[in-house]
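A quick write-up on the structure given underneath.
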Amino acid sequence: MSRVSEHLNRALHDLMEADPRVHLLGEDVSDPYGGAFKVTRGLSARFGRRVRSTPLSEGAITGVGAGLALAGDRAIVEIMFADFAALAFDQLVNFAAKSTSMYGRPVPIPLVVRCPSGGNRGYGPTHSQSPQKHFIGVPGLSLFEMTPFHDAGELFAEMFAQERPCLFFEDKVLYTRRMYTGGTVDDLFGYEVRDGVARVFVDGVTEPDCVLVAHGGMTHRALEAMRTLLLEDDLACELLIPARLYPLPELAGLERARHVCVVEDGSAGGTWGAEVARVLYPRLWPALRRPIGLVNAADSVIPAAPHLEREVLVQAGDIRNAIVEALS
Amino acid sequence: MVSTVSPRHDLRRSPLAPPPEDLERLLLIRHFELTLLRLFETGELSGTTHTCLGQEYIPVALAPLLREEDFVLSNHRGHGHFLARYDEPDGLLAEIMGRRGALCAGVGGSQHVYHRRFLSTGVQGESLPVAVGVALKLAGTGALACVYVGDGTWGEGSVYEALNMARLWRVPLLVVVENNGIAQSTPTSTQMAGNIADRAAAFDVPYHRVTSTEVEEIRAGLAAPVEAVRSRPGPLVVEFVTHRIGPHSKGDDTRTPEEIALAAGHDWYTRYARAFPDAFARLDARARERVDRIAAEVTARPPSVWERG
């Protein structure tokens with residue numbers, strides 16, 4: 001059994017071993033510290049100057065990564081907390097993303113910016129955001145998120161194969177959770193990963209009451225809601241978790257469900273879920289029986305005190321309530 | 001380390017004649033820029049442009065100090081930087097005019113050109129961290145990354161983030177500062193506290209100040225420090241004290257006639273025209289005719305085509 005942080009760490013070791021073009025930059029990523037969440041542990045000892053602990057300069061280290069990528073290498077930049085990606089917005093949007101097309105021909109910029117994201121850890125307003133929505137719809141920029149179902153090595157390979165900058169969100173609550181293996185989630189649910197999308201289902205249910213679409217960080221809260229909905233409300237749900245959040249990959253099987261609901265931990269307004277719904281509406285319109293549901297965090301900063309934080313962020317009970325209400 | 005390359009000849013004395021190939025390149029850039037302003041006036045150019053009138057000698061002086069494998073990053077005022085490196089005025093003009101044969105299909109335009117080992121982009125200060133990344137890749141190969149910035153660029157925090165890393169990591173980075181004393185319409189004296197030399201010193205980055213406008217003199221002073229960027233390797237800041245004799249972009253000069261005249265007083269063009277009129281007039285006419293010919297030919301081309309990948 002491996003935890004998500006260990007799995008990511010192993011994937012980075014394998015990637016840097018296999019590809020000498022890969023550099024890794026970030027604050028406090030070198031040993032013995034090995035990154036604020038220990039995801040880069042052992043890399044500097046093994047790969048020397050290809051791994052650099054940097055000054056506190058999120059904008060510039062993203063630019064350095066883009067420069068390495070422009071010059072023919074590949075770069076992984078760690079932003080210690082996803083909130084700080086705002087400091088790299090110019091380099092990401094105006095340089096790295098635009099440069100892939102603004103010179104009139106495809107210019108490869110193989111750059112992955114890792115962003116530990118999400119709350120429920122009591123870190124307060126500037127260390128807890130899920131800021132995915134701020135980066136959606138930027139030409140030349142792709143968004144990915146770690147999940148406990150997807151192989152991180154394959155995701156790194158897919159991101160570099162894009163040859164354009166990718167943000168890779170890693171919800172901090174996942175780091176200590178285990179990676180799922182073998183097609184089994186627990187006693188109730190099985191899973192499969194197909195075409196980049198993880199599907200969690202109840203064995204034998206072909207026409208679920210509801211399909212939830214969520215990003216990786218919502219996995220366990222969605223599963224908890226699905227368990228309660230099945231056991232207490234007699235509602236069978238499926239869960240789809242794409243690793244690529246933008247552009248959204250094909251989400252199969254939604255026509256079979258009575259209800260579709262997108263669940264995310266970003267704050268209300270201009271959300272990832274709204275983008276998912278925009279993509280799905282034209283396709284699902286003839287089959288939809290009710291509007292696509294959107295469950296997201298409140299229009300609020302994220303408080304530090306645990307009882308206040310729980311009120312703002314999406315909890316399993318919020319998901320359950322939204323589904324029960326929609327289907328009642 | 002601070003050193004200074006000063007003019008051996010003040011403006012009242014006769015200047016040295018630059019080698020003919022340098023004068024040809026200076027005049028090519030001058031007439032290219034003047035042609036752009038003329039095309040704007042006649043409505044044949046759209047958008048915006050930033051000419052380097054008066055500053056042409058800087059990239060021309062640096063050109064032979066740079067090698068083919070060096071990577072040059074440029075900014076909004078980059079036509080001279082490009083033409084000093086690559087003698088392809090037709091491709092650049094086609095880019096600016098959105099015509100067939102454009103270097104970047106007309107997508108980038110005046111401020112966003114990527115051709116061979118030259119890349120310009122339009123956000124101030126953004127290219128410095130990118131240049132550090134490129135230099136990190138080039139370190140140890142003998143090649144360097146050269147990045148052009150203005151005095152106004154030093155208001156951007158990214159400059160300091162980049163200088164810090166360039167020095168810490170000892171990357172071959174040549175920072176060329178074209179200090180023309182004015183950031184768009186704001187005099188440097190009202191937008192910069194202290195000075196660039198002290199800012200470089202704060203990062204323990206070697207610094208050279210160049211006040212000469214004579215290309216050979218500049219080269220003689222910079223050859224060794226630029227070589228050290230490669231061999232050490234490590235960053236170097238070279239500040240050119242220069243003068244923008246034209247507007248920031250087009251028709252937007254808010255300086256007084258006296259201030260503009262003062263800037264024009266430093267113009268190599270009038271100085272050389274007076275100092276050796278016959279030879280100058282011959283090369284000047286030839287450059288003017290070449291650019292006129294290119295402008296007519298490029299203007300007649302069909303629109304550029306962008307094949308989106």
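Ligands are numbered from 1 in the order shown, chains are lettered A, B, ... in the order of the structure tokens, and residues start at 1 in each chain.
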For the interface of chain A with chain B (cut-off 12 Å, counting only C-alpha atoms), please tabulate each contacting residue of chain A alongside its nearest pair of atoms and their separation in Å to one decimal, rows sorted by chain and increasing number, as a tab-separated table.
```
residue	atom	partner	partner_atom	distance
A:Arg21	CA	B:Lys137	CA	9.8
A:Val22	CA	B:Lys137	CA	11.3
A:His23	CA	B:Lys137	CA	10.2
A:Leu24	CA	B:Gly133	CA	11.9
A:Leu25	CA	B:Gly133	CA	10.8
A:Arg49	CA	B:Trp169	CA	9.8
A:Arg50	CA	B:Leu136	CA	10.2
A:Arg52	CA	B:Trp169	CA	9.5
A:Ser53	CA	B:Met165	CA	10.7
A:Thr54	CA	B:Met165	CA	7.8
A:Pro55	CA	B:Met165	CA	7.4
A:Leu56	CA	B:Glu161	CA	8.4
A:Ser57	CA	B:Glu161	CA	6.0
A:Glu58	CA	B:Glu161	CA	9.0
A:Gly59	CA	B:Ser158	CA	7.0
A:Ala60	CA	B:Pro129	CA	5.0
A:Ile61	CA	B:Pro129	CA	7.0
A:Thr62	CA	B:Pro129	CA	7.9
A:Gly63	CA	B:Val130	CA	4.7
A:Val64	CA	B:Gly133	CA	3.9
A:Gly65	CA	B:Gly133	CA	6.1
A:Ala66	CA	B:Val130	CA	6.1
A:Gly67	CA	B:Gly133	CA	4.1
A:Leu68	CA	B:Gly133	CA	4.6
A:Ala69	CA	B:Gly133	CA	8.0
A:Leu70	CA	B:Val134	CA	7.2
A:Ala71	CA	B:Val134	CA	5.5
A:Gly72	CA	B:Lys137	CA	8.2
A:Asp73	CA	B:Lys137	CA	7.6
A:Arg74	CA	B:Lys137	CA	10.4
A:Ala75	CA	B:Gly133	CA	9.7
A:Val77	CA	B:Gly133	CA	12.0
A:Leu87	CA	B:Ser158	CA	10.3
A:Ala88	CA	B:Ser158	CA	10.2
A:Phe89	CA	B:Glu126	CA	11.0
A:Asp90	CA	B:Glu126	CA	7.7
A:Gln91	CA	B:Glu126	CA	6.8
A:Leu92	CA	B:Glu126	CA	10.4
A:Val93	CA	B:Glu126	CA	11.1
A:Asn94	CA	B:Val123	CA	7.6
A:Phe95	CA	B:Glu126	CA	7.4
A:Ala96	CA	B:Val130	CA	9.3
A:Lys98	CA	B:Thr121	CA	9.9
A:Ser99	CA	B:Thr121	CA	8.8
A:Thr100	CA	B:Gly309	CA	9.6
A:Ser101	CA	B:Gly309	CA	7.9
A:Met102	CA	B:Gly108	CA	5.4
A:Tyr103	CA	B:Cys104	CA	4.7
A:Gly104	CA	B:Cys104	CA	4.3
A:Arg105	CA	B:Gly309	CA	6.9
A:Pro106	CA	B:Gly309	CA	6.1
A:Val107	CA	B:Tyr114	CA	9.3
A:Pro108	CA	B:Gly309	CA	11.3
A:Ile109	CA	B:Val130	CA	11.5
A:Leu111	CA	B:Gly133	CA	11.8
A:Gly140	CA	B:Gly309	CA	10.9
A:Glu163	CA	B:Gly309	CA	11.9
```
Please list as a ChimeraX atom specification every residue within 9 Å of Phe149 (chain A), counting only C-alpha atoms and excluding residues in the same chain fewer than 2 positions away. /A:146-147,151,179-181,191-193,198,216,241
Write out as a PyMOL selection string the set of residues from region 174-262 of chain B that DSSP, computed on the backbone, places in helix (DSSP H, G or I). chain B and resi 188-191+196-202+215-231+257-262
Neighbouring residues of Gly246 (chain B) were defined as those with any atom within 9 Å, considering only C-alpha atoms; residues of the same chain fewer than 3 positions away were excluded. Please report them as a ChimeraX atom specification. /B:51-54,243,249-251,253,260,263-264
Deliver the residues from the most recent selection as a file, using C-alpha atoms, as a compact mmCIF listing (two decimals), in the first residue's frame.
```txt
# COMPACT_ATOMS: atom_id res chain seq x y z
CA THR B 51 11.06 52.31 -32.59
CA CYS B 52 14.65 52.41 -31.36
CA LEU B 53 15.62 55.66 -33.09
CA GLY B 54 18.86 56.88 -31.55
CA HIS B 243 18.83 58.63 -25.80
CA SER B 249 5.55 54.42 -29.83
CA LYS B 250 4.14 56.78 -32.41
CA GLY B 251 3.23 60.43 -32.01
CA ASP B 253 6.18 62.21 -27.21
CA ILE B 260 13.87 66.32 -27.61
CA ALA B 263 18.27 63.80 -27.06
CA ALA B 264 18.75 64.45 -30.78
```
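Omitting Thr254 (chain B) and its sequence neighbours fewer than 5 positions away, and counting only C-alpha atoms, the residues within 10 Å are Gln184, Ser185, Thr186, Pro247, His248, Glu259 and Ile260 of chain B.
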Restricting the output to N, CA and C atoms, write the selected residues as a PDB file, in the first residue's frame.
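Generated file (out_31.pdb):
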```pdb
ATOM      1  N   GLN B 184       8.458  55.390 -21.228  1.00  0.00           N
ATOM      2  CA  GLN B 184       7.271  55.834 -21.977  1.00  0.00           C
ATOM      3  C   GLN B 184       7.150  57.352 -21.909  1.00  0.00           C
ATOM      4  N   SER B 185       6.555  57.909 -20.827  1.00  0.00           N
ATOM      5  CA  SER B 185       6.518  59.363 -20.691  1.00  0.00           C
ATOM      6  C   SER B 185       7.104  59.808 -19.364  1.00  0.00           C
ATOM      7  N   THR B 186       7.523  58.847 -18.556  1.00  0.00           N
ATOM      8  CA  THR B 186       7.956  59.162 -17.193  1.00  0.00           C
ATOM      9  C   THR B 186       9.479  59.222 -17.116  1.00  0.00           C
ATOM     10  N   PRO B 247       9.523  59.059 -30.522  1.00  0.00           N
ATOM     11  CA  PRO B 247       8.477  58.892 -29.510  1.00  0.00           C
ATOM     12  C   PRO B 247       8.558  57.509 -28.865  1.00  0.00           C
ATOM     13  N   HIS B 248       7.801  57.308 -27.762  1.00  0.00           N
ATOM     14  CA  HIS B 248       7.721  55.974 -27.153  1.00  0.00           C
ATOM     15  C   HIS B 248       7.189  54.984 -28.188  1.00  0.00           C
ATOM     16  N   GLU B 259      13.941  69.256 -24.618  1.00  0.00           N
ATOM     17  CA  GLU B 259      14.366  67.909 -24.207  1.00  0.00           C
ATOM     18  C   GLU B 259      14.592  67.016 -25.422  1.00  0.00           C
ATOM     19  N   ILE B 260      13.719  67.133 -26.398  1.00  0.00           N
ATOM     20  CA  ILE B 260      13.866  66.319 -27.608  1.00  0.00           C
ATOM     21  C   ILE B 260      15.138  66.722 -28.356  1.00  0.00           C
TER      22      ILE B 260
END
```
Please provide the set of residues having any atom within 8 Å of Pro125 (chain A), restricted to only C-alpha atoms, with same-chain residues fewer than 5 positions apart removed, written as a PyMOL selection string. chain A and resi 301-304
What's the separation between CA of Arg121 (chain A) and CA of Lys172 (chain A), in Å to one decimal place?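 Straight-line distance from CA of Arg121 (chain A) to CA of Lys172 (chain A) works out to 8.2 Å.
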For Ser44 (chain A): contacts at 7 Å, only C-alpha atoms, fewer than 3 positions along chain excluded, given as an MDAnalysis selection string: chainID A and resid 30:31 47:48 51
Restricted to C-alpha atoms, what would the selected residues look like written as an mmCIF file, in the first residue's frame?
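Written output follows (again.cif):
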```cif
data_model
loop_
_atom_site.group_PDB
_atom_site.id
_atom_site.type_symbol
_atom_site.label_atom_id
_atom_site.label_comp_id
_atom_site.auth_asym_id
_atom_site.auth_seq_id
_atom_site.Cartn_x
_atom_site.Cartn_y
_atom_site.Cartn_z
ATOM 1 C CA SER A 30 16.054 19.770 -1.509
ATOM 2 C CA ASP A 31 17.088 17.228 1.082
ATOM 3 C CA PHE A 47 19.981 14.030 -9.091
ATOM 4 C CA GLY A 48 22.232 16.837 -7.873
ATOM 5 C CA VAL A 51 17.028 19.670 -8.383
#
```
Among the residues of region 83-141 of chain B, find those DSSP assigns to strand (DSSP E) from the backbone and print them as a list of chain:residue names. B:Tyr114, B:His115, B:Phe118, B:Leu119, B:Ser120
So that I can check the surroundings of Glu238 (chain A), please list as a list of chain:residue names every protein, DNA and RNA residue that reaches within 7 Å of it, counting only C-alpha atoms and ignoring chain neighbours fewer than 3 positions away.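 Here the answer would be A:Arg199, A:Val200, A:Phe201, A:Pro208, A:Cys210, A:Val211, A:Leu212.
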